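Trainee: Just query-v2.cif, nothing more (mmCIF, C-alpha atoms):
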```cif
data_protein
loop_
_atom_site.label_atom_id
_atom_site.label_comp_id
_atom_site.auth_asym_id
_atom_site.auth_seq_id
_atom_site.Cartn_x
_atom_site.Cartn_y
_atom_site.Cartn_z
CA MET A 1 0.00 0.00 0.00
CA ILE A 2 1.59 3.28 -1.09
CA ALA A 3 0.50 5.53 1.72
CA ARG A 4 -0.04 9.22 1.77
CA ALA A 5 2.66 10.19 -0.68
CA VAL A 6 0.33 12.76 -2.24
CA PRO A 7 0.46 16.24 -0.67
CA GLN A 8 -2.63 16.98 1.38
CA PRO A 9 -4.19 20.37 2.01
CA ALA A 10 -2.41 22.29 4.75
CA PRO A 11 -3.91 21.51 8.14
CA SER A 12 -5.51 24.14 10.27
CA ALA A 13 -5.62 23.88 14.03
CA ASP A 14 -6.77 20.31 14.45
CA GLU A 15 -6.12 17.53 16.87
CA MET A 16 -2.92 16.30 15.23
CA LEU A 17 0.20 16.85 17.30
CA LEU A 18 2.41 16.69 14.26
CA LYS A 19 1.57 17.00 10.63
CA ILE A 20 4.10 17.01 7.82
CA VAL A 21 3.15 17.72 4.24
CA GLY A 22 5.24 16.92 1.17
CA LEU A 23 8.49 17.00 3.08
CA SER A 24 11.68 16.64 1.01
CA LYS A 25 15.36 16.83 1.70
CA VAL A 26 18.01 17.19 -0.98
CA TYR A 27 21.67 17.24 -0.01
CA LYS A 28 23.88 19.17 -2.41
CA GLY A 29 27.53 18.52 -1.87
CA GLY A 30 30.26 18.37 -4.47
CA GLY A 31 28.67 15.58 -6.53
CA PRO A 32 25.14 15.08 -7.84
CA PRO A 33 22.34 16.06 -5.43
CA VAL A 34 21.14 13.30 -3.10
CA HIS A 35 17.37 13.05 -2.63
CA ALA A 36 17.24 11.67 0.90
CA VAL A 37 13.53 12.32 1.54
CA ARG A 38 11.02 12.71 -1.30
CA GLY A 39 7.64 14.13 -0.53
CA VAL A 40 6.75 12.48 2.76
CA SER A 41 3.41 13.35 4.37
CA LEU A 42 2.41 12.03 7.75
CA SER A 43 0.12 12.92 10.64
CA LEU A 44 0.52 11.95 14.23
CA GLU A 45 -2.12 12.05 16.92
CA PRO A 46 -1.20 12.92 20.49
CA GLY A 47 -0.27 9.78 22.41
CA GLN A 48 0.60 7.80 19.32
CA PHE A 49 3.77 5.69 19.19
CA VAL A 50 5.08 5.45 15.64
CA ALA A 51 8.10 3.45 14.54
CA VAL A 52 9.90 4.40 11.35
CA MET A 53 11.74 1.54 9.66
CA GLY A 54 13.56 1.09 6.38
CA PRO A 55 16.99 0.15 5.00
CA SER A 56 20.07 2.29 5.61
CA GLY A 57 19.90 5.32 3.37
CA SER A 58 16.11 5.21 3.08
CA GLY A 59 15.79 8.65 4.70
CA LYS A 60 14.76 7.68 8.25
CA SER A 61 17.32 9.77 10.08
CA SER A 62 17.00 12.74 7.73
CA LEU A 63 13.28 12.70 8.38
CA LEU A 64 13.74 12.58 12.14
CA HIS A 65 16.32 15.37 12.04
CA MET A 66 13.93 17.59 10.10
CA LEU A 67 11.15 16.86 12.60
CA GLY A 68 13.44 17.94 15.41
CA GLY A 69 14.65 21.03 13.58
CA LEU A 70 18.21 19.71 13.45
CA GLU A 71 18.25 20.30 9.71
CA PRO A 72 15.87 22.31 7.53
CA PRO A 73 13.68 20.63 4.90
CA THR A 74 14.33 21.49 1.25
CA THR A 75 10.59 21.70 0.57
CA GLY A 76 7.40 20.91 2.44
CA GLN A 77 5.73 21.89 5.69
CA ILE A 78 6.00 20.82 9.31
CA TRP A 79 3.12 21.65 11.64
CA PHE A 80 3.65 21.13 15.34
CA ASP A 81 0.68 21.43 17.64
CA GLY A 82 -1.20 23.54 15.11
CA ALA A 83 1.65 25.94 14.30
CA ARG A 84 3.87 25.87 11.25
CA VAL A 85 7.48 25.40 12.34
CA ASP A 86 9.52 24.48 9.25
CA GLY A 87 10.62 28.08 8.71
CA LEU A 88 11.68 28.78 12.32
CA SER A 89 15.09 30.22 13.04
CA GLN A 90 17.67 28.02 14.72
CA ALA A 91 17.13 29.87 17.97
CA ARG A 92 13.37 29.32 17.86
CA TRP A 93 13.91 25.65 17.09
CA ALA A 94 16.27 25.36 20.02
CA MET A 95 13.57 26.79 22.26
CA LEU A 96 10.92 24.45 20.82
CA ARG A 97 13.19 21.47 21.40
CA ARG A 98 13.93 22.49 24.95
CA ARG A 99 10.29 22.86 25.85
CA ASN A 100 8.44 20.42 23.62
CA ILE A 101 10.64 17.88 21.89
CA GLY A 102 12.82 15.31 23.65
CA PHE A 103 15.61 13.57 21.74
CA VAL A 104 17.45 10.30 22.34
CA PHE A 105 20.19 9.04 20.06
CA GLN A 106 22.01 5.78 19.44
CA PHE A 107 25.07 7.04 21.31
CA PHE A 108 23.71 8.34 24.52
CA ASN A 109 25.43 11.76 24.36
CA LEU A 110 25.54 12.18 28.13
CA VAL A 111 27.84 14.80 29.56
CA SER A 112 30.64 12.61 30.88
CA ASN A 113 32.05 14.89 33.56
CA MET A 114 28.65 15.42 35.19
CA THR A 115 26.79 12.99 37.44
CA VAL A 116 23.69 11.16 36.28
CA ALA A 117 21.59 13.53 38.42
CA ASP A 118 23.15 16.64 36.87
CA ASN A 119 22.66 15.26 33.37
CA VAL A 120 18.98 14.76 34.00
CA GLU A 121 18.50 18.14 35.73
CA LEU A 122 20.28 20.10 33.03
CA PRO A 123 17.41 20.53 30.54
CA ALA A 124 15.02 21.75 33.23
CA LEU A 125 17.56 24.26 34.52
CA MET A 126 18.28 25.45 30.99
CA SER A 127 14.64 26.16 30.36
CA GLY A 128 14.23 28.20 33.50
CA ALA A 129 13.12 25.76 36.21
CA THR A 130 14.34 26.39 39.76
CA ARG A 131 16.97 24.06 41.22
CA ARG A 132 14.32 22.58 43.43
CA GLN A 133 11.88 21.92 40.59
CA ALA A 134 14.66 20.37 38.51
CA LYS A 135 15.68 18.16 41.39
CA GLU A 136 12.14 17.00 42.11
CA ARG A 137 11.59 16.07 38.49
CA ARG A 138 14.94 14.29 38.36
CA ILE A 139 14.14 12.22 41.44
CA GLU A 140 10.77 11.29 40.00
CA LEU A 141 12.25 10.29 36.62
CA LEU A 142 15.16 8.27 37.97
CA ALA A 143 12.79 6.39 40.25
CA GLU A 144 10.49 5.68 37.37
CA LEU A 145 13.32 4.39 35.17
CA GLY A 146 14.81 2.30 37.96
CA LEU A 147 17.96 4.40 38.34
CA SER A 148 17.52 6.03 41.76
CA ASP A 149 20.65 4.40 43.13
CA LYS A 150 22.76 5.75 40.24
CA ALA A 151 22.03 9.45 40.80
CA SER A 152 25.52 10.37 41.95
CA ALA A 153 27.34 8.02 39.56
CA SER A 154 29.32 9.14 36.58
CA PRO A 155 27.67 8.04 33.29
CA ALA A 156 30.85 6.18 32.25
CA ARG A 157 30.35 3.74 35.15
CA LEU A 158 26.94 2.63 33.89
CA SER A 159 26.07 -0.13 31.43
CA GLY A 160 24.91 0.88 27.96
CA GLY A 161 21.30 0.19 28.85
CA GLU A 162 21.54 2.31 32.00
CA GLN A 163 23.16 5.15 30.07
CA GLN A 164 20.38 5.04 27.52
CA ARG A 165 17.79 5.13 30.29
CA VAL A 166 19.54 8.20 31.73
CA ALA A 167 19.42 9.75 28.26
CA LEU A 168 15.70 8.99 28.20
CA ALA A 169 15.21 10.57 31.60
CA ARG A 170 17.02 13.67 30.34
CA ALA A 171 14.87 13.75 27.20
CA LEU A 172 11.72 13.52 29.32
CA ALA A 173 12.81 16.06 31.93
CA ASN A 174 10.74 18.91 30.50
CA ARG A 175 7.70 16.74 29.79
CA PRO A 176 8.01 17.11 26.01
CA SER A 177 4.87 16.62 23.95
CA LEU A 178 6.96 14.64 21.45
CA LEU A 179 9.82 12.22 22.03
CA LEU A 180 12.09 11.54 19.05
CA ALA A 181 14.31 8.46 19.33
CA ASP A 182 16.96 7.64 16.75
CA GLU A 183 18.04 3.97 17.00
CA PRO A 184 18.02 4.03 20.81
CA THR A 185 18.75 0.28 20.98
CA GLY A 186 21.18 0.28 18.05
CA ASN A 187 24.22 0.08 20.27
CA LEU A 188 22.83 -2.23 22.98
CA ASP A 189 22.81 -5.98 23.49
CA SER A 190 19.57 -7.91 23.76
CA LEU A 191 19.11 -7.60 27.54
CA ASN A 192 19.91 -3.88 27.67
CA SER A 193 17.64 -3.28 24.68
CA ALA A 194 14.83 -5.03 26.49
CA ASP A 195 15.31 -2.67 29.48
CA VAL A 196 15.17 0.42 27.30
CA LEU A 197 12.14 -0.87 25.42
CA ARG A 198 10.29 -1.59 28.65
CA VAL A 199 10.84 2.01 29.67
CA LEU A 200 9.71 3.35 26.28
CA CYS A 201 6.55 1.27 26.54
CA ARG A 202 5.91 2.51 30.04
CA VAL A 203 6.17 6.20 29.09
CA HIS A 204 4.03 5.53 26.04
CA GLY A 205 1.48 3.94 28.36
CA GLN A 206 1.41 7.22 30.28
CA GLY A 207 0.47 9.08 27.12
CA GLN A 208 3.86 10.06 25.71
CA THR A 209 3.86 10.61 21.93
CA ILE A 210 6.89 8.89 20.40
CA ILE A 211 8.56 8.67 17.02
CA LEU A 212 11.14 5.92 16.99
CA VAL A 213 13.54 5.34 14.11
CA THR A 214 14.81 1.78 14.32
CA HIS A 215 16.11 -1.34 12.64
CA ASP A 216 15.12 -3.36 15.67
CA ALA A 217 11.89 -5.18 14.88
CA ARG A 218 11.29 -5.93 18.55
CA ALA A 219 11.36 -2.19 19.25
CA ALA A 220 9.17 -1.41 16.24
CA SER A 221 6.61 -4.04 17.20
CA MET A 222 5.90 -2.19 20.44
CA ALA A 223 4.67 0.84 18.50
CA ASP A 224 1.01 1.41 17.57
CA ARG A 225 2.02 2.00 14.02
CA VAL A 226 4.99 1.24 11.77
CA VAL A 227 5.88 3.45 8.82
CA ASN A 228 8.28 1.96 6.29
CA LEU A 229 10.52 4.18 4.23
CA PHE A 230 12.25 3.15 1.05
CA ASP A 231 14.27 5.43 -1.16
CA GLY A 232 13.01 8.50 0.69
CA MET A 233 9.31 7.64 0.37
CA ILE A 234 6.72 5.96 2.55
CA ILE A 235 6.05 2.54 1.06
CA ASP A 236 3.95 1.15 3.89
CA ASP A 237 2.07 2.46 6.90
CA MET A 238 0.61 -0.21 9.16
CA ASP A 239 -1.13 -0.50 12.50
CA VAL A 240 0.54 -3.16 14.63
CA VAL A 241 -1.89 -5.65 16.13
CA THR A 242 -1.37 -8.34 18.71
CA PRO A 243 -2.07 -11.80 17.29
CA ILE A 244 -4.86 -13.59 19.10
CA ARG A 245 -2.68 -16.57 20.01
CA PRO A 246 0.90 -15.40 20.46
CA SER A 247 2.10 -18.91 21.38
CA VAL A 248 1.33 -19.98 17.83
CA ALA A 249 3.75 -17.28 16.68
CA ALA A 250 6.58 -18.81 18.68
CA ALA A 251 5.72 -22.30 17.57
CA GLY A 252 5.56 -21.15 13.98
CA VAL A 253 9.12 -19.89 14.19
CA LEU A 254 10.61 -22.78 16.14
CA ARG A 255 9.34 -26.32 15.94
CA LEU A 256 10.12 -29.58 17.66
CA GLY A 257 11.37 -31.90 14.94
CA GLU A 258 9.40 -34.89 13.63
CA MET B 1 8.89 -35.50 18.82
CA ARG B 2 10.60 -38.90 19.15
CA LEU B 3 13.91 -37.68 20.54
CA PRO B 4 12.48 -35.15 23.00
CA LEU B 5 10.35 -37.96 24.44
CA LEU B 6 13.42 -40.21 24.76
CA ALA B 7 15.18 -37.35 26.58
CA LEU B 8 12.28 -36.96 29.01
CA LEU B 9 12.36 -40.70 29.73
CA ALA B 10 16.12 -40.77 30.34
CA LYS B 11 15.83 -39.80 33.98
CA GLU B 12 12.98 -42.10 34.98
CA PRO B 13 10.09 -44.05 33.48
CA ALA B 14 6.87 -42.11 32.92
CA HIS B 15 3.44 -42.45 31.40
CA GLY B 16 1.98 -40.37 28.58
CA TYR B 17 0.33 -37.66 30.65
CA GLU B 18 3.45 -37.15 32.72
CA LEU B 19 5.42 -36.65 29.51
CA LYS B 20 2.88 -34.15 28.27
CA SER B 21 3.08 -32.08 31.43
CA LEU B 22 6.88 -32.31 31.53
CA LEU B 23 6.99 -30.88 28.00
CA GLU B 24 4.64 -28.09 29.02
CA GLN B 25 6.66 -27.26 32.12
CA THR B 26 9.90 -27.12 30.17
CA PHE B 27 8.83 -25.11 27.16
CA GLY B 28 6.05 -23.05 28.68
CA GLN B 29 3.51 -21.28 26.53
CA ALA B 30 5.96 -20.79 23.72
CA TYR B 31 4.83 -24.14 22.35
CA PRO B 32 1.23 -25.08 21.89
CA SER B 33 0.45 -27.83 24.36
CA PRO B 34 1.34 -31.19 22.76
CA ASN B 35 -1.58 -33.36 21.80
CA ILE B 36 -1.84 -36.42 24.05
CA GLY B 37 -2.83 -38.62 21.11
CA GLN B 38 0.32 -37.59 19.30
CA ILE B 39 2.40 -38.49 22.34
CA TYR B 40 0.85 -41.96 22.56
CA VAL B 41 1.29 -42.61 18.85
CA THR B 42 4.95 -41.58 19.09
CA LEU B 43 5.46 -43.82 22.13
CA GLN B 44 3.97 -46.77 20.26
CA ARG B 45 6.32 -46.18 17.36
CA LEU B 46 9.30 -45.88 19.68
CA GLU B 47 8.30 -49.19 21.25
CA ARG B 48 7.90 -50.81 17.84
CA ASP B 49 11.44 -49.65 17.00
CA GLY B 50 12.80 -51.06 20.26
CA LEU B 51 13.79 -47.72 21.75
CA VAL B 52 11.36 -47.88 24.68
CA LYS B 53 9.48 -50.66 26.43
CA SER B 54 6.32 -50.43 28.47
CA GLN B 55 4.38 -52.20 31.15
CA ASP B 56 0.94 -51.77 32.62
CA VAL B 57 0.77 -50.58 36.17
CA ILE B 58 -2.37 -51.73 37.89
CA GLN B 59 -4.32 -49.04 39.69
CA THR B 60 -7.22 -49.99 41.88
CA THR B 61 -9.34 -46.86 41.71
CA ARG B 62 -8.53 -45.78 38.18
CA PRO B 63 -7.83 -47.51 34.85
CA ASN B 64 -4.39 -49.06 34.55
CA LYS B 65 -1.66 -46.84 33.24
CA ARG B 66 1.08 -47.77 30.82
CA VAL B 67 4.54 -46.73 31.97
CA TYR B 68 7.32 -46.34 29.44
CA GLU B 69 11.05 -46.65 29.98
CA LEU B 70 14.13 -46.36 27.79
CA THR B 71 15.80 -49.48 26.39
CA PRO B 72 19.60 -49.59 25.91
CA ALA B 73 18.99 -48.94 22.19
CA GLY B 74 16.89 -45.92 23.15
CA ARG B 75 19.64 -44.61 25.37
CA GLU B 76 22.10 -45.00 22.50
CA ALA B 77 19.82 -43.19 20.04
CA LEU B 78 19.40 -40.37 22.54
CA ALA B 79 23.16 -40.04 23.10
CA ALA B 80 23.78 -39.97 19.34
CA TRP B 81 21.18 -37.24 18.91
CA ILE B 82 22.61 -35.13 21.73
CA GLU B 83 26.14 -35.44 20.36
CA GLU B 84 25.56 -34.62 16.72
CA PRO B 85 25.32 -30.99 15.65
CA SER B 86 21.83 -29.95 14.55
CA GLU B 87 20.95 -28.62 11.12
CA GLY B 88 21.13 -24.83 10.77
CA PRO B 89 17.87 -22.95 10.39
CA ARG B 90 16.50 -22.69 6.89
CA VAL B 91 15.37 -19.44 5.35
CA ARG B 92 11.65 -18.94 4.90
CA ASP B 93 11.59 -20.94 1.77
CA ASP B 94 7.84 -20.75 1.25
CA PHE B 95 7.87 -16.97 1.11
CA PHE B 96 11.03 -16.87 -0.95
CA VAL B 97 9.67 -19.26 -3.55
CA LYS B 98 6.48 -17.22 -3.64
CA LEU B 99 8.45 -14.02 -4.17
CA ALA B 100 10.73 -15.53 -6.78
CA LEU B 101 7.87 -17.06 -8.76
CA SER B 102 5.32 -14.30 -8.29
CA PRO B 103 6.10 -12.61 -11.66
CA LEU B 104 5.30 -15.91 -13.40
CA ALA B 105 2.04 -16.08 -11.49
CA GLY B 106 1.09 -12.67 -12.87
CA VAL B 107 1.89 -10.68 -9.74
CA THR B 108 3.11 -7.26 -10.81
CA ASP B 109 3.47 -5.68 -7.40
CA GLN B 110 6.22 -7.50 -5.53
CA MET B 111 6.47 -4.59 -3.13
CA ALA B 112 2.94 -5.33 -1.93
CA LEU B 113 3.96 -8.95 -1.39
CA ILE B 114 6.95 -7.89 0.68
CA ASN B 115 4.90 -5.36 2.65
CA ARG B 116 2.28 -7.98 3.50
CA GLN B 117 4.94 -10.35 4.71
CA ARG B 118 6.62 -7.65 6.77
CA ARG B 119 3.31 -6.74 8.41
CA HIS B 120 2.80 -10.38 9.29
CA TYR B 121 6.29 -10.65 10.84
CA LEU B 122 5.88 -7.45 12.84
CA ASN B 123 2.57 -8.63 14.23
CA LEU B 124 4.17 -11.95 15.14
CA MET B 125 6.96 -10.03 16.84
CA ARG B 126 4.38 -8.09 18.82
CA GLY B 127 2.82 -11.39 19.90
CA LEU B 128 6.19 -12.73 21.01
CA SER B 129 6.88 -9.57 23.04
CA LYS B 130 3.54 -9.99 24.80
CA LEU B 131 4.25 -13.64 25.39
CA ALA B 132 7.67 -12.81 26.83
CA SER B 133 6.26 -10.23 29.20
CA ALA B 134 3.52 -12.64 30.30
CA THR B 135 6.03 -15.43 30.93
CA ASP B 136 7.35 -16.02 34.42
CA ARG B 137 10.89 -14.62 34.78
CA ASP B 138 12.01 -17.95 36.27
CA SER B 139 11.01 -19.93 33.18
CA ARG B 140 14.38 -19.49 31.60
CA ILE B 141 14.00 -22.18 28.94
CA SER B 142 10.71 -20.74 27.87
CA LEU B 143 12.10 -17.18 27.73
CA LEU B 144 15.13 -18.31 25.76
CA LEU B 145 12.85 -20.02 23.30
CA ILE B 146 10.84 -16.84 22.80
CA GLU B 147 14.01 -14.81 22.42
CA GLY B 148 15.24 -17.29 19.83
CA ALA B 149 12.00 -16.91 17.91
CA MET B 150 12.42 -13.12 18.04
CA LEU B 151 15.97 -13.24 16.76
CA HIS B 152 14.87 -15.48 13.89
CA LEU B 153 12.10 -13.05 13.04
CA GLN B 154 14.53 -10.15 13.10
CA ALA B 155 16.73 -12.03 10.64
CA ASP B 156 13.69 -12.72 8.44
CA LEU B 157 12.85 -9.01 8.45
CA ASP B 158 16.42 -7.99 7.64
CA TRP B 159 16.40 -10.45 4.80
CA LEU B 160 13.07 -9.12 3.54
CA GLU B 161 14.70 -5.70 3.43
CA ARG B 162 17.53 -7.15 1.34
CA CYS B 163 15.01 -8.69 -1.07
CA GLN B 164 13.37 -5.29 -1.34
CA GLU B 165 16.66 -3.51 -2.02
CA GLU B 166 17.67 -6.01 -4.68
CA LEU B 167 14.37 -6.50 -6.46
CA MET B 168 12.74 -3.07 -6.36
#
```
Reformat the file's structure so that it appears as structure tokens.

Mentor:
Amino acid sequence: MIARAVPQPAPSADEMLLKIVGLSKVYKGGGPPVHAVRGVSLSLEPGQFVAVMGPSGSGKSSLLHMLGGLEPPTTGQIWFDGARVDGLSQARWAMLRRRNIGFVFQFFNLVSNMTVADNVELPALMSGATRRQAKERRIELLAELGLSDKASASPARLSGGEQQRVALARALANRPSLLLADEPTGNLDSLNSADVLRVLCRVHGQGQTIILVTHDARAASMADRVVNLFDGMIIDDMDVVTPIRPSVAAAGVLRLGE
Amino acid sequence: MRLPLLALLAKEPAHGYELKSLLEQTFGQAYPSPNIGQIYVTLQRLERDGLVKSQDVIQTTRPNKRVYELTPAGREALAAWIEEPSEGPRVRDDFFVKLALSPLAGVTDQMALINRQRRHYLNLMRGLSKLASATDRDSRISLLLIEGAMLHLQADLDWLERCQEELM
């Protein structure tokens, strides 16, 4: 099913948290231009958890970066919470990210010479919270992500999964309306991935809107919806459903011989 | 199911229902519960082949039960099975054959075929995640089995992506 590749009329204030229309990204370096994203349109309701999958080079990360204002689209529109944001200045984007958009990356990007607690408090302090407010929120988040006993540790002393959970806590510190996650389990082993995914599911369960770019099918299968990109375009957009008898799924993959 | 039954009988003799519940305990919900009829048929064949022998145990209040035990030949067959390396997993040949032959069958949209298959795998993956979270943390064999199924599915999805890159 080729989904929503056709530009739609610009949205007015409606109940979509995010709406992108005909978004494209062309990189012009020395050689021929590279069309990383070609006319992607997508709408996201508040509370939805969407996974974006696709081969390397299919445009997943470019798309996510445009949604977070990390790079500007070549053409197309981005509407966030009813307001058009694709033309914002870098400074306005930075403010929007601080207040409304949380980011987690494959490499956790924690500040290594600060404690876990300071890392998680930083975004709140930067957006004007008092020390006390920042601390309260940090305590709440670390407890929720099972990291209370690591508050005074240095990030380097934590396992990969713990570091990613700290990065998640930091991303959630300002209660963003949108969480963008770029391959958050890409650098983790199976057990650590499972920890991070449990946490993602939990915050989703509390109403967090999430866009997750991933190769990890286990991560993608936790989303409400999976969008598949290929060659910069959406080639499939599916709602994930739980099979009625999951045990049959396991048995279908592994069988006792004879 | 022949060799798993021999393995279950290696420790001590058992009757059919005991074998069924042992299988269920070991593998958990990740396998559909084995059919008791299938277990009895397999036991009869094992006995015919000389790998197990049985005797009736008389019960006063209930019908007699037939208890099976390993023969020396059964023990040998079990040891041989345990020692030899198992075949590697095969790729999803049914889907691959379908994909490869679909142009001959008049299918013009192979992308739709791949998308349908991917949707199916992702829904299966969702089911396995639910199963894993509903499985007791102490059931390590059962959890490992589910994780194995997930890793296989991930490989199937990666491979589907390769098919897409090559064929589209």

Trainee: Quick one: which residues from chain B are at most 7 Å off chain A, using all atoms listed in the file, as a PyMOL selection string?

Mentor: chain B and resi 1-2+29-32+112+115+122-128+131+146+149+154+161

Trainee: Can you find the residues with an atom no farther than 12 Å from (21.4, 17.0, 2.3), counting all atoms listed in the file, and report them as a ChimeraX atom specification?

Mentor: /A:24-38,57,59,61-63,65-66,70-75

Trainee: Take the residues just selected and output them with C-alpha atoms as a short mmCIF file (atom, residue, chain, number, x, y, z; two decimals), in the frame of the given file.

Mentor:
```cif
data_model
loop_
_atom_site.label_atom_id
_atom_site.label_comp_id
_atom_site.auth_asym_id
_atom_site.auth_seq_id
_atom_site.Cartn_x
_atom_site.Cartn_y
_atom_site.Cartn_z
CA SER A 24 11.68 16.64 1.01
CA LYS A 25 15.36 16.83 1.70
CA VAL A 26 18.01 17.19 -0.98
CA TYR A 27 21.67 17.24 -0.01
CA LYS A 28 23.88 19.17 -2.41
CA GLY A 29 27.53 18.52 -1.87
CA GLY A 30 30.26 18.37 -4.47
CA GLY A 31 28.67 15.58 -6.53
CA PRO A 32 25.14 15.08 -7.84
CA PRO A 33 22.34 16.06 -5.43
CA VAL A 34 21.14 13.30 -3.10
CA HIS A 35 17.37 13.05 -2.63
CA ALA A 36 17.24 11.67 0.90
CA VAL A 37 13.53 12.32 1.54
CA ARG A 38 11.02 12.71 -1.30
CA GLY A 57 19.90 5.32 3.37
CA GLY A 59 15.79 8.65 4.70
CA SER A 61 17.32 9.77 10.08
CA SER A 62 17.00 12.74 7.73
CA LEU A 63 13.28 12.70 8.38
CA HIS A 65 16.32 15.37 12.04
CA MET A 66 13.93 17.59 10.10
CA LEU A 70 18.21 19.71 13.45
CA GLU A 71 18.25 20.30 9.71
CA PRO A 72 15.87 22.31 7.53
CA PRO A 73 13.68 20.63 4.90
CA THR A 74 14.33 21.49 1.25
CA THR A 75 10.59 21.70 0.57
#
```

Trainee: Selection in question (the file shown): the PyMOL selection byres ((chain A and resi 102) around 12). Which residues does it include, as a VMD selection string?

Mentor: chain A and resid 64 67 to 69 94 to 101 103 to 105 123 to 124 167 to 182 208 to 212

Trainee: Which residues, named as in the file, does the PyMOL selection byres ((chain B and resi 54-63) around 12) pick out? Answer as a CSV table (one decimal) with C-alpha atoms, in the coordinates of the input.

Mentor:
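Writing done, so here's part15.csv:
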```csv
chain,number,residue,atom,x,y,z
B,9,LEU,CA,12.4,-40.7,29.7
B,13,PRO,CA,10.1,-44.0,33.5
B,14,ALA,CA,6.9,-42.1,32.9
B,15,HIS,CA,3.4,-42.4,31.4
B,16,GLY,CA,2.0,-40.4,28.6
B,40,TYR,CA,0.8,-42.0,22.6
B,43,LEU,CA,5.5,-43.8,22.1
B,44,GLN,CA,4.0,-46.8,20.3
B,45,ARG,CA,6.3,-46.2,17.4
B,46,LEU,CA,9.3,-45.9,19.7
B,47,GLU,CA,8.3,-49.2,21.2
B,48,ARG,CA,7.9,-50.8,17.8
B,50,GLY,CA,12.8,-51.1,20.3
B,51,LEU,CA,13.8,-47.7,21.8
B,52,VAL,CA,11.4,-47.9,24.7
B,53,LYS,CA,9.5,-50.7,26.4
B,64,ASN,CA,-4.4,-49.1,34.6
B,65,LYS,CA,-1.7,-46.8,33.2
B,66,ARG,CA,1.1,-47.8,30.8
B,67,VAL,CA,4.5,-46.7,32.0
B,68,TYR,CA,7.3,-46.3,29.4
B,69,GLU,CA,11.0,-46.6,30.0
B,70,LEU,CA,14.1,-46.4,27.8
B,71,THR,CA,15.8,-49.5,26.4
```

Trainee: Up to 12 Å from (1.6, 0.4, 28.9) in the file's coordinates: name the residues, counting all atoms listed in the file, as a PDB file with C-alpha atoms, keeping the file's coordinate frame.

Mentor:
```
ATOM      1  CA  GLY A  47      -0.270   9.780  22.410  1.00  0.00           C
ATOM      2  CA  PHE A  49       3.770   5.690  19.190  1.00  0.00           C
ATOM      3  CA  LEU A 197      12.140  -0.870  25.420  1.00  0.00           C
ATOM      4  CA  ARG A 198      10.290  -1.590  28.650  1.00  0.00           C
ATOM      5  CA  VAL A 199      10.840   2.010  29.670  1.00  0.00           C
ATOM      6  CA  LEU A 200       9.710   3.350  26.280  1.00  0.00           C
ATOM      7  CA  CYS A 201       6.550   1.270  26.540  1.00  0.00           C
ATOM      8  CA  ARG A 202       5.910   2.510  30.040  1.00  0.00           C
ATOM      9  CA  VAL A 203       6.170   6.200  29.090  1.00  0.00           C
ATOM     10  CA  HIS A 204       4.030   5.530  26.040  1.00  0.00           C
ATOM     11  CA  GLY A 205       1.480   3.940  28.360  1.00  0.00           C
ATOM     12  CA  GLN A 206       1.410   7.220  30.280  1.00  0.00           C
ATOM     13  CA  GLY A 207       0.470   9.080  27.120  1.00  0.00           C
ATOM     14  CA  GLN A 208       3.860  10.060  25.710  1.00  0.00           C
ATOM     15  CA  MET A 222       5.900  -2.190  20.440  1.00  0.00           C
ATOM     16  CA  ALA A 223       4.670   0.840  18.500  1.00  0.00           C
ATOM     17  CA  ASP A 224       1.010   1.410  17.570  1.00  0.00           C
TER      18      ASP A 224
ATOM     19  CA  LYS B 130       3.540  -9.990  24.800  1.00  0.00           C
ATOM     20  CA  SER B 133       6.260 -10.230  29.200  1.00  0.00           C
TER      21      SER B 133
END
```

Trainee: Hey, what comes out of the PyMOL selection byres ((chain A and resi 16-21) around 6) on this file? Could you write it as a ChimeraX atom specification?

Mentor: /A:7,14-15,22-23,41-46,76-81

Trainee: What does the distance from atom CA of A:Ala143 to atom CA of A:Val111 come to in Å, to one decimal?

Mentor: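 Computing the Euclidean distance for atom CA of A:Ala143 and atom CA of A:Val111 yields 20.3 Å.
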
Trainee: To one decimal place, how far is atom CA of A:Asn187 from atom CA of B:Arg162 in Å?

Mentor: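 So the answer is 21.3 Å.
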
Trainee: Between atom CA of B:Ile39 and atom CA of B:Leu22, what is the distance, to one decimal in Å?

Mentor: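 We find that atom CA of B:Ile39 and atom CA of B:Leu22 lie 11.9 Å from each other.
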
Trainee: Between A:Gln48, A:Val116, A:Glu140, A:Met233, which residue has the minimum interatomic distance to A:Arg157, considering all atoms listed in the file?

Mentor: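 Using all atoms listed in the file, the shortest distance to A:Arg157 belongs to A:Val116.
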
Trainee: Determine the nearest neighbour of B:Gln38 from the options B:Lys20, B:Lys98, B:Arg118, B:His152, counting all atoms listed in the file.

Mentor: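 Closest candidate: B:Lys20.
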
Trainee: Measuring atom to atom with only C-alpha atoms, identify which of B:Ala134, B:Ile141, B:Leu167, B:Ala80 is nearest to B:Ala100.

Mentor: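 Selected residue with least distance to B:Ala100: B:Leu167.
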
Trainee: Quick one: 6 Å padding each side, axis-aligned, all listed atoms of stretch 60-72 of chain B - centre and edge lengths in Å to one decimal, as lines of an AutoDock Vina configuration file?

Mentor:
```
center_x = 5.1
center_y = -47.9
center_z = 33.9
size_x = 40.9
size_y = 16.2
size_z = 28.0
```

Trainee: Which one of B:Thr135, B:Leu78, B:Glu165, B:Ala73 sits closest to A:Leu229 if you count all atoms listed in the file?

Mentor: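 Of all the options, B:Glu165 lies closest to A:Leu229.
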